[in-house]
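model-v2.cif, holding mmCIF, C-alpha atoms and all ligand atoms:
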data_data
loop_
_atom_site.label_atom_id
_atom_site.label_comp_id
_atom_site.auth_asym_id
_atom_site.auth_seq_id
_atom_site.Cartn_x
_atom_site.Cartn_y
_atom_site.Cartn_z
CA MET A 1 8.94 8.57 2.20
CA SER A 2 10.49 10.20 5.13
CA SER A 3 8.90 8.70 8.19
CA ASN A 4 11.01 6.14 9.86
CA VAL A 5 8.89 3.14 10.54
CA SER A 6 10.68 0.14 11.83
CA PHE A 7 9.17 -3.08 12.95
CA LYS A 8 9.31 -4.46 16.41
CA THR A 9 11.21 -7.65 16.58
CA ASP A 10 10.04 -10.21 19.05
CA ASP A 11 13.36 -10.77 20.68
CA GLY A 12 15.58 -7.91 19.66
CA GLY A 13 16.73 -9.82 16.59
CA GLY A 14 20.04 -10.80 18.14
CA GLU A 15 20.62 -13.80 15.93
CA SER A 16 20.05 -12.35 12.53
CA SER A 17 23.38 -10.55 12.39
CA LYS A 18 25.11 -13.83 11.70
CA THR A 19 23.28 -14.46 8.44
CA THR A 20 25.34 -14.21 5.31
CA ILE A 21 24.58 -11.40 2.93
CA ILE A 22 22.63 -13.39 0.46
CA GLY A 23 22.11 -16.61 2.29
CA PRO A 24 22.83 -19.94 0.71
CA LEU A 25 21.25 -20.56 -2.63
CA ASN A 26 20.01 -23.66 -0.99
CA PHE A 27 20.12 -26.38 -3.52
CA ALA A 28 20.77 -29.68 -1.87
CA LYS A 29 24.38 -29.69 -0.91
CA ASP A 30 26.03 -32.84 -1.97
CA THR A 31 29.58 -33.83 -1.23
CA THR A 32 29.71 -36.25 -4.15
CA PRO A 33 30.66 -34.85 -7.56
CA GLU A 34 27.12 -35.51 -8.74
CA PRO A 35 25.13 -32.30 -9.08
CA PRO A 36 22.01 -31.97 -6.92
CA THR A 37 19.08 -34.07 -8.07
CA SER A 38 16.43 -31.60 -7.18
CA LEU A 39 15.86 -28.04 -6.18
CA VAL A 40 15.83 -28.56 -2.49
CA ASN A 41 15.53 -25.31 -0.62
CA GLU A 42 16.51 -24.80 2.94
CA ARG A 43 13.69 -25.91 5.17
CA ALA A 44 13.59 -23.32 7.90
CA VAL A 45 13.20 -19.73 6.82
CA PRO A 46 13.06 -16.97 9.40
CA CYS A 47 10.65 -14.05 9.08
CA MET A 48 12.29 -10.90 7.66
CA PHE A 49 11.31 -8.98 10.77
CA CYS A 50 10.77 -11.20 13.77
CA SER A 51 11.95 -14.48 15.19
CA ASN A 52 9.20 -16.62 13.65
CA VAL A 53 10.52 -19.46 11.54
CA TYR A 54 8.64 -21.25 8.76
CA ASP A 55 9.22 -24.69 7.36
CA PHE A 56 9.06 -24.25 3.58
CA HIS A 57 8.92 -28.00 3.09
CA SER A 58 6.04 -28.66 5.39
CA SER A 59 2.99 -30.29 3.91
CA ASP A 60 0.82 -27.36 4.97
CA ASN A 61 2.41 -24.79 2.65
CA GLY A 62 5.03 -23.22 4.87
CA SER A 63 5.91 -20.58 2.29
CA ASP A 64 2.28 -19.46 2.00
CA GLN A 65 2.10 -19.18 5.77
CA TYR A 66 5.29 -17.19 5.70
CA LEU A 67 3.84 -14.75 3.16
CA ALA A 68 0.57 -14.50 5.04
CA HIS A 69 2.49 -13.74 8.23
CA LEU A 70 4.48 -10.99 6.47
CA TYR A 71 1.24 -9.44 5.41
CA LEU A 72 -0.87 -9.89 8.53
CA ILE A 73 1.77 -8.99 11.11
CA HIS A 74 4.23 -6.80 9.25
CA ARG A 75 1.92 -5.42 6.52
CA LEU A 76 4.35 -6.32 3.80
CA VAL A 77 3.50 -7.80 0.41
CA VAL A 78 6.13 -9.30 -1.88
CA ALA A 79 5.35 -8.68 -5.55
CA ASP A 80 5.50 -11.47 -8.14
CA VAL A 81 6.52 -13.91 -5.47
CA LYS A 82 5.95 -16.93 -7.71
CA GLU A 83 8.64 -15.71 -10.06
CA ILE A 84 11.38 -15.57 -7.45
CA ALA A 85 13.90 -18.27 -8.30
CA CYS A 86 14.80 -19.13 -4.74
CA LEU A 87 12.45 -17.69 -2.15
CA PRO A 88 14.47 -18.68 0.93
CA SER A 89 17.56 -16.88 -0.37
CA TYR A 90 15.41 -13.89 -1.22
CA CYS A 91 14.01 -13.82 2.31
CA TYR A 92 17.45 -14.15 3.89
CA TYR A 93 18.72 -11.25 1.85
CA TRP A 94 15.95 -8.91 2.88
CA LYS A 95 16.05 -10.01 6.49
CA GLU A 96 19.67 -8.93 6.58
CA LYS A 97 18.82 -5.56 5.01
CA PHE A 98 15.90 -4.88 7.30
CA THR A 99 17.97 -5.61 10.36
CA ASN A 100 19.67 -2.27 9.97
CA GLU A 101 17.50 -0.26 7.68
CA SER A 102 13.95 0.93 7.59
CA VAL A 103 11.36 -0.73 5.43
CA ASP A 104 10.42 2.62 3.89
CA LYS A 105 13.79 2.85 2.26
CA TYR A 106 13.16 -0.12 -0.01
CA CYS A 107 9.40 -0.49 -0.20
CA SER A 108 6.54 1.43 -1.69
CA ALA A 109 4.13 2.45 1.01
CA MET A 110 0.40 2.87 0.88
CA LEU A 111 -2.25 3.93 3.36
CA LEU A 112 -5.52 2.08 3.54
CA ASN A 113 -8.41 2.52 5.89
CA GLN A 114 -8.47 -1.06 6.93
CA LEU A 115 -6.66 -3.65 8.93
CA PRO A 116 -4.99 -6.67 7.35
CA ASP A 117 -7.92 -8.87 8.36
CA GLY A 118 -10.20 -6.70 6.24
CA SER A 119 -11.95 -4.85 9.03
CA THR A 120 -12.51 -1.25 8.05
CA SER A 121 -12.76 0.38 11.43
CA SER A 122 -9.39 2.02 11.34
CA LYS A 123 -7.83 4.91 9.46
CA SER A 124 -4.65 5.28 7.46
CA GLU A 125 -3.07 1.94 8.07
CA LYS A 126 0.31 1.73 6.40
CA TYR A 127 1.23 -1.17 4.09
CA PHE A 128 4.41 -1.94 2.21
CA LEU A 129 5.20 -3.46 -1.13
CA LEU A 130 8.54 -5.08 -1.83
CA SER A 131 9.02 -5.31 -5.60
CA ASP A 132 11.57 -5.13 -8.36
CA ILE A 133 10.85 -1.45 -8.71
CA GLU A 134 13.53 -1.20 -6.05
CA PRO A 135 16.91 -1.61 -7.84
CA LEU A 136 18.36 -3.88 -5.15
CA ASP A 137 15.34 -6.13 -5.37
CA TYR A 138 15.59 -6.23 -9.14
CA GLU A 139 19.27 -7.14 -9.00
CA LEU A 140 18.60 -9.80 -6.40
CA ARG A 141 15.85 -11.44 -8.43
CA GLN A 142 18.00 -11.43 -11.55
CA ARG A 143 20.93 -12.90 -9.68
CA LEU A 144 18.88 -15.70 -8.14
CA ARG A 145 17.47 -16.53 -11.54
CA ARG A 146 20.93 -16.64 -13.12
CA GLU A 147 22.35 -18.80 -10.36
CA LYS A 148 19.44 -21.16 -10.57
CA LEU A 149 19.82 -21.46 -14.33
CA GLU A 150 23.51 -22.26 -13.92
CA LEU A 151 22.74 -25.03 -11.47
CA VAL A 152 20.03 -26.47 -13.65
CA LEU A 153 22.31 -26.45 -16.70
CA THR A 154 25.04 -28.20 -14.74
CA ARG A 155 22.59 -30.85 -13.66
CA HIS A 156 21.24 -31.18 -17.19
CA GLN A 157 24.71 -31.69 -18.60
CA PHE A 158 25.37 -34.35 -16.00
CA GLU A 159 22.15 -36.21 -16.74
CA ARG A 160 22.85 -36.24 -20.47
CA THR A 161 26.12 -38.11 -20.04
CA ASP A 162 26.11 -39.90 -16.69
CA ARG A 163 26.41 -43.64 -17.32
CA ASN A 164 25.52 -44.84 -13.84
CA PHE A 165 21.80 -44.59 -14.12
CA TYR A 166 20.59 -48.09 -13.47
CA ARG A 167 16.89 -48.18 -13.28
CA GLY A 168 14.36 -50.80 -14.25
CA CYS A 169 11.73 -49.89 -16.81
CA LEU A 170 8.33 -48.82 -15.52
CA TYR A 171 6.74 -51.51 -17.67
CA CYS A 172 9.05 -54.34 -18.65
CA ARG A 173 10.87 -56.18 -15.93
CA ASP A 174 14.16 -56.89 -17.63
CA TYR A 175 15.07 -53.65 -19.27
CA ARG A 176 17.80 -51.60 -17.64
CA SER A 177 19.49 -48.59 -19.13
CA GLU A 178 22.75 -46.87 -18.30
CA THR A 179 21.70 -43.37 -19.14
CA ARG A 180 18.66 -41.24 -18.61
CA PRO A 181 18.24 -40.29 -22.30
CA GLU A 182 18.21 -43.98 -23.23
CA TYR A 183 15.68 -44.71 -20.52
CA VAL A 184 13.34 -41.92 -21.61
CA SER A 185 13.69 -42.97 -25.25
CA HIS A 186 12.94 -46.57 -24.30
CA LEU A 187 9.70 -45.54 -22.59
CA TYR A 188 8.66 -43.82 -25.78
CA THR A 189 9.80 -46.26 -28.43
CA LYS A 190 8.78 -49.45 -26.61
CA HIS A 191 5.83 -48.33 -24.52
CA PHE A 192 4.70 -45.15 -26.31
CA LEU A 193 4.93 -43.25 -23.06
CA LEU A 194 5.94 -39.70 -23.87
CA LEU A 195 7.60 -37.71 -21.09
CA GLY A 196 9.34 -35.23 -23.33
CA LYS A 197 12.38 -35.15 -25.54
CA PRO A 198 15.32 -36.39 -23.44
CA GLU A 199 17.41 -33.34 -24.33
CA HIS A 200 14.69 -31.05 -22.99
CA LEU A 201 14.31 -32.75 -19.63
CA VAL A 202 16.09 -32.19 -16.34
CA PHE A 203 15.74 -33.84 -12.92
CA VAL A 204 14.73 -36.97 -14.76
CA ASP A 205 15.05 -39.24 -11.69
CA GLU A 206 12.46 -37.25 -9.83
CA LEU A 207 10.20 -37.07 -12.86
CA ILE A 208 10.27 -40.84 -13.22
CA ASP A 209 9.59 -41.23 -9.48
CA ILE A 210 6.49 -39.08 -9.87
CA VAL A 211 5.29 -40.93 -12.94
CA GLN A 212 5.79 -44.25 -11.20
CA GLU A 213 3.94 -42.99 -8.14
CA LYS A 214 0.99 -41.83 -10.26
CA LEU A 215 0.78 -45.16 -12.04
CA ASN A 216 0.97 -47.00 -8.72
CA GLN A 217 -1.91 -44.88 -7.48
CA LEU A 218 -3.81 -45.87 -10.64
CA LEU A 219 -3.98 -42.30 -11.88
CA CYS A 220 -3.91 -41.46 -15.57
CA LEU A 221 -0.86 -39.29 -16.29
CA PHE A 222 -2.69 -37.10 -18.73
CA CYS A 223 -6.22 -36.56 -17.43
CA GLU A 224 -5.35 -37.54 -13.84
CA LYS A 225 -8.50 -39.61 -13.42
CA LEU A 226 -8.47 -42.49 -10.96
CA PHE A 227 -9.00 -46.05 -12.18
CA LYS A 228 -10.01 -49.21 -10.36
CA ASP A 229 -7.12 -51.39 -11.42
CA ARG A 230 -3.96 -51.45 -13.47
CA PRO A 231 -5.38 -53.14 -16.62
CA THR A 232 -8.25 -50.63 -16.81
CA LEU A 233 -5.83 -47.73 -16.41
CA LYS A 234 -3.52 -49.16 -19.08
CA GLU A 235 -6.42 -49.68 -21.45
CA HIS A 236 -7.66 -46.14 -20.85
CA MET A 237 -4.26 -44.54 -21.43
CA ARG A 238 -3.71 -46.54 -24.58
CA LYS A 239 -7.17 -46.02 -26.07
CA LYS A 240 -7.43 -42.34 -25.28
CA GLY A 241 -3.87 -41.55 -26.23
CA HIS A 242 -3.17 -40.47 -22.67
CA LYS A 243 0.31 -41.89 -22.53
CA ARG A 244 1.95 -38.59 -21.72
CA ILE A 245 2.07 -36.20 -18.83
CA ASN A 246 -0.56 -33.54 -18.41
CA PRO A 247 0.80 -30.43 -20.13
CA ASP A 248 -1.50 -28.20 -18.09
CA ASN A 249 -0.18 -29.37 -14.75
CA HIS A 250 2.40 -26.76 -13.76
CA TYR A 251 3.81 -29.19 -11.29
CA TYR A 252 5.82 -30.64 -14.18
CA ASP A 253 7.23 -27.28 -15.29
CA ARG A 254 10.43 -27.74 -13.37
CA PHE A 255 11.35 -30.83 -15.38
CA PHE A 256 11.53 -28.89 -18.61
CA LEU A 257 14.64 -26.92 -19.32
CA VAL A 258 12.72 -24.32 -21.25
CA ASN A 259 11.08 -23.10 -18.07
CA TYR A 260 14.39 -21.95 -16.64
CA ARG A 261 15.17 -19.77 -19.61
CA LEU A 262 16.10 -16.30 -18.51
CA LYS A 263 13.17 -14.25 -19.57
CA GLN A 264 14.17 -11.17 -21.41
CA LYS A 265 13.12 -8.51 -19.05
CA PRO A 266 12.65 -4.99 -20.22
CA GLU A 267 15.46 -2.75 -19.30
CA TYR A 268 15.25 -1.68 -15.72
CA VAL A 269 13.88 1.82 -15.28
CA PRO A 270 15.27 3.47 -12.15
CA ILE A 271 12.68 4.98 -9.90
CA ALA A 272 13.70 8.55 -10.64
CA LYS A 273 13.21 7.90 -14.31
CA ARG A 274 9.90 6.18 -13.69
CA LYS A 275 8.74 9.29 -11.92
CA GLU A 276 9.81 11.33 -14.90
CA GLU A 277 8.07 8.94 -17.22
CA SER A 278 4.87 9.13 -15.24
CA ARG A 279 5.17 12.90 -15.15
CA VAL A 280 5.37 12.99 -18.92
CA PHE A 281 2.40 10.66 -19.03
CA ALA A 282 0.31 12.76 -16.72
CA SER A 283 0.78 16.30 -17.89
CA ASP A 284 2.23 17.79 -20.99
CA SER A 285 3.22 21.30 -20.02
CA ASP A 286 3.28 22.33 -16.39
CA THR A 287 6.36 20.50 -15.28
CA ASP A 288 7.04 22.89 -12.45
CA SER A 289 3.76 22.27 -10.72
CA ASP A 290 3.97 20.80 -7.28
CA TRP A 291 2.23 17.45 -6.76
CA SER A 292 0.25 18.86 -3.91
CA ASP A 293 -1.59 21.50 -5.89
CA TRP A 294 -3.29 19.48 -8.54
CA ASN A 295 -6.98 19.14 -8.63
CA GLY A 296 -8.76 16.46 -10.56
CA GLU A 297 -10.38 18.75 -13.13
CA GLU A 298 -7.30 20.16 -14.83
CA GLN A 299 -5.28 16.96 -14.82
CA THR A 300 -4.91 14.79 -17.86
CA THR A 301 -5.27 11.07 -17.61
CA THR A 302 -3.23 8.77 -19.79
CA CYS A 303 -4.65 5.83 -21.71
CA LEU A 304 -3.97 2.42 -20.19
CA PHE A 305 -2.47 1.21 -23.45
CA CYS A 306 -0.84 4.13 -25.22
CA SER A 307 0.47 7.61 -24.47
CA HIS A 308 -2.77 9.31 -25.49
CA ALA A 309 -4.02 11.62 -22.73
CA GLU A 310 -7.31 13.38 -22.11
CA THR A 311 -8.55 15.79 -19.47
CA ASN A 312 -11.97 14.22 -19.66
CA ILE A 313 -12.11 10.66 -18.39
CA ASP A 314 -15.15 9.77 -20.49
CA ARG A 315 -13.39 10.86 -23.64
CA LEU A 316 -10.43 8.77 -22.62
CA LYS A 317 -12.64 5.74 -22.08
CA GLN A 318 -14.15 6.39 -25.48
CA HIS A 319 -10.64 6.48 -26.91
CA MET A 320 -9.89 3.09 -25.36
CA VAL A 321 -13.03 1.60 -26.88
CA GLU A 322 -12.34 3.05 -30.31
CA GLU A 323 -8.58 2.58 -30.49
CA HIS A 324 -8.07 -0.53 -28.40
CA LYS A 325 -11.50 -2.21 -28.35
CA PHE A 326 -11.27 -2.11 -24.57
CA SER A 327 -14.30 -1.14 -22.55
CA PHE A 328 -13.25 -0.18 -19.06
CA ALA A 329 -16.85 -0.01 -17.89
CA GLN A 330 -17.54 -3.56 -19.05
CA THR A 331 -14.29 -4.87 -17.69
CA VAL A 332 -14.89 -3.62 -14.17
CA HIS A 333 -18.65 -4.12 -14.17
CA ASN A 334 -19.75 -5.37 -10.75
CA MET A 335 -16.31 -4.92 -9.29
CA SER A 336 -15.70 -3.21 -6.00
CA PHE A 337 -13.61 -0.08 -5.80
CA TYR A 338 -10.55 -1.93 -4.59
CA GLN A 339 -10.86 -4.46 -7.37
CA ARG A 340 -10.93 -1.60 -9.85
CA VAL A 341 -7.80 -0.17 -8.31
CA LYS A 342 -6.14 -3.54 -8.78
CA VAL A 343 -7.29 -3.84 -12.39
CA VAL A 344 -5.85 -0.42 -13.29
CA ASN A 345 -2.56 -1.03 -11.51
CA PHE A 346 -2.32 -4.48 -13.06
CA ILE A 347 -2.82 -3.22 -16.61
CA ARG A 348 -0.36 -0.39 -16.02
CA ARG A 349 2.24 -2.75 -14.70
CA GLN A 350 1.80 -5.33 -17.46
CA MET A 351 2.10 -2.61 -20.09
CA HIS A 352 5.15 -1.22 -18.33
CA ILE A 353 6.96 -4.54 -18.22
CA ARG A 354 5.72 -5.42 -21.73
CA LYS A 355 3.53 -8.37 -20.84
CA CYS A 356 0.17 -9.16 -22.40
CA ILE A 357 -2.70 -8.39 -20.01
CA ALA A 358 -4.64 -11.44 -21.17
CA CYS A 359 -2.13 -14.25 -21.67
CA GLY A 360 0.92 -12.89 -19.84
CA GLU A 361 3.24 -13.41 -22.80
CA GLN A 362 6.42 -11.37 -22.49
CA TYR A 363 7.57 -9.03 -25.28
CA ASN A 364 10.80 -7.19 -25.76
CA ASP A 365 9.35 -3.87 -26.68
CA TYR A 366 6.16 -1.87 -26.66
CA GLU A 367 5.62 -2.23 -30.41
CA SER A 368 5.70 -6.04 -30.39
CA LEU A 369 3.39 -6.13 -27.39
CA CYS A 370 0.88 -3.87 -29.14
CA LYS A 371 1.08 -5.94 -32.28
CA HIS A 372 0.26 -9.02 -30.22
CA LEU A 373 -2.57 -7.33 -28.30
CA GLU A 374 -4.17 -6.36 -31.60
CA GLU A 375 -3.59 -9.58 -33.50
CA ALA A 376 -4.61 -11.89 -30.68
CA ASN A 377 -7.43 -9.61 -29.62
CA HIS A 378 -5.95 -9.55 -26.14
CA PHE A 379 -7.08 -6.11 -25.03
CA LEU A 380 -8.99 -7.84 -22.25
CA LEU A 381 -8.49 -9.36 -18.84
CA ASP A 382 -8.30 -13.11 -18.67
CA LYS A 383 -11.54 -14.04 -16.93
CA GLU A 384 -10.24 -17.43 -15.83
CA SER A 385 -7.07 -16.49 -14.07
CA SER A 386 -7.33 -13.60 -11.71
CA ALA A 387 -3.75 -12.52 -12.25
CA TRP A 388 -4.77 -8.98 -11.41
CA ASP A 389 -6.43 -9.90 -8.13
CA ARG A 390 -3.37 -9.86 -5.94
CA PRO A 391 -2.55 -7.55 -3.04
CA GLU A 392 0.48 -6.11 -4.78
CA TYR A 393 -1.81 -4.38 -7.25
CA PHE A 394 -3.18 -2.17 -4.55
CA PHE A 395 0.03 -0.28 -5.19
CA PRO A 396 0.13 2.04 -8.17
CA THR A 397 2.55 1.44 -10.99
CA TYR A 398 2.87 5.15 -11.66
CA GLU A 399 3.05 7.42 -8.69
CA ASP A 400 0.68 9.99 -10.09
CA ASP A 401 -1.74 7.84 -12.00
CA GLN A 402 -4.79 10.03 -12.58
CA PHE A 403 -6.81 7.06 -13.68
CA LEU A 404 -7.03 6.00 -10.06
CA CYS A 405 -8.81 9.22 -9.22
CA HIS A 406 -11.71 8.43 -11.49
CA LEU A 407 -12.71 5.06 -10.19
CA GLU A 408 -15.23 6.37 -7.76
CA GLU A 409 -17.20 8.12 -10.44
CA VAL A 410 -17.55 4.80 -12.11
CA GLU A 411 -18.69 3.23 -8.93
CA ASN A 412 -21.41 5.83 -8.44
CA GLU A 413 -22.95 4.63 -11.66
CA ARG A 414 -23.74 1.36 -9.98
CA ASP A 415 -27.29 1.21 -8.88
CA ASP A 416 -26.92 -1.12 -5.95
CA ASP A 417 -26.75 0.75 -2.70
CA ILE A 418 -23.34 1.72 -1.60
CA SER A 419 -22.21 3.18 1.64
CA GLN A 420 -22.16 6.94 1.57
CA GLU A 421 -19.48 6.99 4.17
CA GLU A 422 -16.34 8.40 2.70
CA GLY A 423 -12.79 7.88 3.65
CA SER A 424 -9.56 9.14 2.28
CA VAL A 425 -7.08 6.70 0.96
CA VAL A 426 -3.62 7.81 0.07
CA ILE A 427 -2.30 5.66 -2.69
CA SER A 428 1.44 6.11 -2.58
CA GLU A 429 2.63 9.47 -1.38
CA SER A 430 1.24 11.55 -4.16
CA VAL A 431 -2.03 10.18 -5.35
CA ASN A 432 -5.10 11.00 -3.39
CA ALA A 433 -8.30 9.26 -4.06
CA THR A 434 -11.47 9.68 -2.17
CA ILE A 435 -13.26 6.45 -1.91
CA ASN A 436 -16.23 4.68 -0.58
CA LEU A 437 -15.53 2.26 2.14
CA ASP A 438 -17.44 -0.77 1.02
CA ALA A 439 -14.12 -2.37 0.58
CA GLU A 440 -13.50 -5.87 -0.34
CA SER A 441 -11.02 -7.32 2.01
CA LEU A 442 -7.38 -6.96 1.32
CA SER A 443 -6.78 -10.21 2.74
CA LEU A 444 -6.47 -13.77 3.66
CA GLU A 445 -8.18 -14.69 0.44
CA SER A 446 -5.09 -13.50 -1.35
CA PHE A 447 -3.13 -16.27 0.21
CA LYS A 448 -3.94 -19.89 -0.30
CA LEU A 449 -4.25 -21.07 3.26
ZN ZN B 501 7.43 -11.81 11.59
ZN ZN B 502 10.32 -51.25 -20.98
ZN ZN B 503 -6.58 -40.21 -19.09
ZN ZN B 504 -4.76 4.49 -26.17
ZN ZN B 505 -1.85 -12.21 -25.16
#
Let me see whether you can do it: turn the structure in this file into structure tokens.
Ligand SMILES: [Zn+2]
Ligand SMILES: [Zn+2]
Ligand SMILES: [Zn+2]
Ligand SMILES: [Zn+2]
Ligand SMILES: [Zn+2]
Amino acid sequence: MSSNVSFKTDDGGGESSKTTIIGPLNFAKDTTPEPPTSLVNERAVPCMFCSNVYDFHSSDNGSDQYLAHLYLIHRLVVADVKEIACLPSYCYYWKEKFTNESVDKYCSAMLLNQLPDGSTSSKSEKYFLLSDIEPLDYELRQRLRREKLELVLTRHQFERTDRNFYRGCLYCRDYRSETRPEYVSHLYTKHFLLLGKPEHLVFVDELIDIVQEKLNQLLCLFCEKLFKDRPTLKEHMRKKGHKRINPDNHYYDRFFLVNYRLKQKPEYVPIAKRKEESRVFASDSDTDSDWSDWNGEEQTTTCLFCSHAETNIDRLKQHMVEEHKFSFAQTVHNMSFYQRVKVVNFIRRQMHIRKCIACGEQYNDYESLCKHLEEANHFLLDKESSAWDRPEYFFPTYEDDQFLCHLEEVENERDDDISQEEGSVVISESVNATINLDAESLSLESFKL
């Protein structure tokens, strides 16, 4: 990555130099000794590259608009954005970096023959991926997660012992409790309303506000159906055993301490080592060969799930069926070329970071992951969630992933008519793949707007 691409800023970026290195962590700042009651992030977040500012608290998804803007205008995709503990701080940090340094230095780049809006009339458009493959990004994400956990634990400790919590019961008029644990226990023991074990909950005030609001709106907490009046709702919740919050609604995740647990990430593999690793994966002997001189025929391709490699892609696919009960052909049936690219990169990445490709469960090592994949029969893509269908998976996990060079052959097996027009797409600097251009759009659909 030698070319020096820098983005135009709308106004010369004169103001950004004042930003602090990491930006505030942005929990509500409170001058009272009471820890913040909720994870309130700073409202206004400036674009990493230009003077646009987004309101992350706006009702129309300011952060999604921010991410869409990064992609549409600056061609940058942030990987695993949902897992970033404090997105505003993350954005501030990178804005500061990009003020003085080129995007190429920290991002993976990729050339695609299409514009961000999906139109395919142009050639070799450059896109960037910002991910934890970059050591600074990895450190930043870890640090934000740690700091967030510390704040949550402080708040949790406070809520366990604070004796100034005077709040009337949701049901009975006269009951008042001094502490949050007592209050939550009262709801359960007297009214059979189960929010969670008091010691597992955090931001209890806000949780109770939400529960109260739902009940006022005559919504069942568990199935979230709407009822015509309070007695009918009460009867429904009692009869159906719906006196608890919907465990499938991720909106409640932040009230459970367990969700802030620092996930045990696999040890970080520096990029140089990743290259080495992928080199070992790709070819067994000719280590001195230059990347530019390979041709598809002689190259070996490595299995998506183990280190087994074959020069013949069909034999490799056979191996995956026999050893891992995974049929690549079935998995990507009816998928466009770009979707196939995403599926391969997704599986590679999940395997690399030791996460199940079906349920996303994290494992500490390769052996435990494999054990799970076999036992749970999870050598398959989750059809429901399209975890793989995100723009970041346009970018290869391994720089020289030969698997990506064989996707077109698969596509030719499809009998529906496909455009014969060919275009060259450079996936990262070293992987060339010739592709058909009936591309799905890399696009707006990826962002919930
Ligand atoms: Zn911008
Ligand atoms: Zn009560
Ligand atoms: Zn219900
Ligand atoms: Zn294998
Ligand atoms: Zn699984």
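Across A:Phe227, A:Tyr338, A:Phe403, A:Phe192, the tightest approach to ligand ZN 502 (chain B) is made by A:Phe192 when counting only C-alpha atoms and all ligand atoms.
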*Extract, using all atoms listed in the file, all DNA, RNA and protein residues at most 12 Å from Tyr188 (chain A), discarding same-chain residues fewer than 2 positions from it, and format them as number ranges by chain.*
A: 169-171, 181-186, 190-198, 243-244
Any chance you can output those residues with C-alpha atoms as a PDB file, keeping the file's coordinate frame?
ATOM      1  CA  CYS A 169      11.730 -49.890 -16.810  1.00  0.00           C
ATOM      2  CA  LEU A 170       8.330 -48.820 -15.520  1.00  0.00           C
ATOM      3  CA  TYR A 171       6.740 -51.510 -17.670  1.00  0.00           C
ATOM      4  CA  PRO A 181      18.240 -40.290 -22.300  1.00  0.00           C
ATOM      5  CA  GLU A 182      18.210 -43.980 -23.230  1.00  0.00           C
ATOM      6  CA  TYR A 183      15.680 -44.710 -20.520  1.00  0.00           C
ATOM      7  CA  VAL A 184      13.340 -41.920 -21.610  1.00  0.00           C
ATOM      8  CA  SER A 185      13.690 -42.970 -25.250  1.00  0.00           C
ATOM      9  CA  HIS A 186      12.940 -46.570 -24.300  1.00  0.00           C
ATOM     10  CA  LYS A 190       8.780 -49.450 -26.610  1.00  0.00           C
ATOM     11  CA  HIS A 191       5.830 -48.330 -24.520  1.00  0.00           C
ATOM     12  CA  PHE A 192       4.700 -45.150 -26.310  1.00  0.00           C
ATOM     13  CA  LEU A 193       4.930 -43.250 -23.060  1.00  0.00           C
ATOM     14  CA  LEU A 194       5.940 -39.700 -23.870  1.00  0.00           C
ATOM     15  CA  LEU A 195       7.600 -37.710 -21.090  1.00  0.00           C
ATOM     16  CA  GLY A 196       9.340 -35.230 -23.330  1.00  0.00           C
ATOM     17  CA  LYS A 197      12.380 -35.150 -25.540  1.00  0.00           C
ATOM     18  CA  PRO A 198      15.320 -36.390 -23.440  1.00  0.00           C
ATOM     19  CA  LYS A 243       0.310 -41.890 -22.530  1.00  0.00           C
ATOM     20  CA  ARG A 244       1.950 -38.590 -21.720  1.00  0.00           C
TER      21      ARG A 244
END
*When you draw a straight line from CA of His57 (chain A) to CA of Ile84 (chain A), how long is it in Å?*
16.5 Å
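Among the candidate residues A:Phe326, A:Tyr54, A:Tyr127, A:Phe49, the one lying nearest to Asp104 (chain A) is A:Tyr127, with distances computed using only C-alpha atoms.
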Per residue of chain A within 6 Å of ligand ZN 501 (chain B), record the nearest atom pair and its distance in Å to one decimal, counting all atoms listed in the file, with rows in chain order and ascending residue number, as CSV.
residue,atom,partner,partner_atom,distance
A:Cys47,CA,B:ZN501,ZN,4.7
A:Phe49,CA,B:ZN501,ZN,4.9
A:Cys50,CA,B:ZN501,ZN,4.0
A:Asn52,CA,B:ZN501,ZN,5.5
A:Leu70,CA,B:ZN501,ZN,6.0
*Compute the distance from (-7.2, -46.4, -17.9) to each atom, counting all atoms listed in the file, keep the residues with any atom at most 12 Å away, and return them as a PyMOL selection string; use the coordinates of the file.*
chain A and resi 215+217-243
*asked:* Taking 4 positions as the minimum chain separation for residues in the same chain, which residues sit within 7 Å of Lys325 (chain A) when counting all atoms listed in the file? Answer as a VMD selection string.
replied: chain A and resid 320 to 321 379
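When all atoms listed in the file are used to measure the gap to Leu112 (chain A), the shortest distance among A:Ala329, A:Arg75, A:Val53, A:Pro135 belongs to A:Arg75.
Interatomic distance, CA of Leu207 (chain A) to CA of Val258 (chain A): 15.5 Å.
CA of Thr120 (chain A) is positioned 29.4 Å from CA of Asp132 (chain A).
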*Kindly extract all protein, DNA and RNA residues lying within 10 Å of the coordinates (19.9, -16.2, -8.3) given in the file, considering all atoms listed in the file, and supply them as a count of residues only.*
21
Chain A near ligand ZN 505 (chain B) within 6 Å: what's each residue's closest atom pair and its distance in Å to one decimal, counting all atoms listed in the file, ordered by chain then ascending residue number, as JSON lines?
{"residue": "A:Cys356", "atom": "CA", "partner": "B:ZN505", "partner_atom": "ZN", "distance": 4.6}
{"residue": "A:Ala358", "atom": "CA", "partner": "B:ZN505", "partner_atom": "ZN", "distance": 4.9}
{"residue": "A:Cys359", "atom": "CA", "partner": "B:ZN505", "partner_atom": "ZN", "distance": 4.1}
{"residue": "A:Glu361", "atom": "CA", "partner": "B:ZN505", "partner_atom": "ZN", "distance": 5.7}
{"residue": "A:Leu373", "atom": "CA", "partner": "B:ZN505", "partner_atom": "ZN", "distance": 5.8}
{"residue": "A:His378", "atom": "CA", "partner": "B:ZN505", "partner_atom": "ZN", "distance": 5.0}
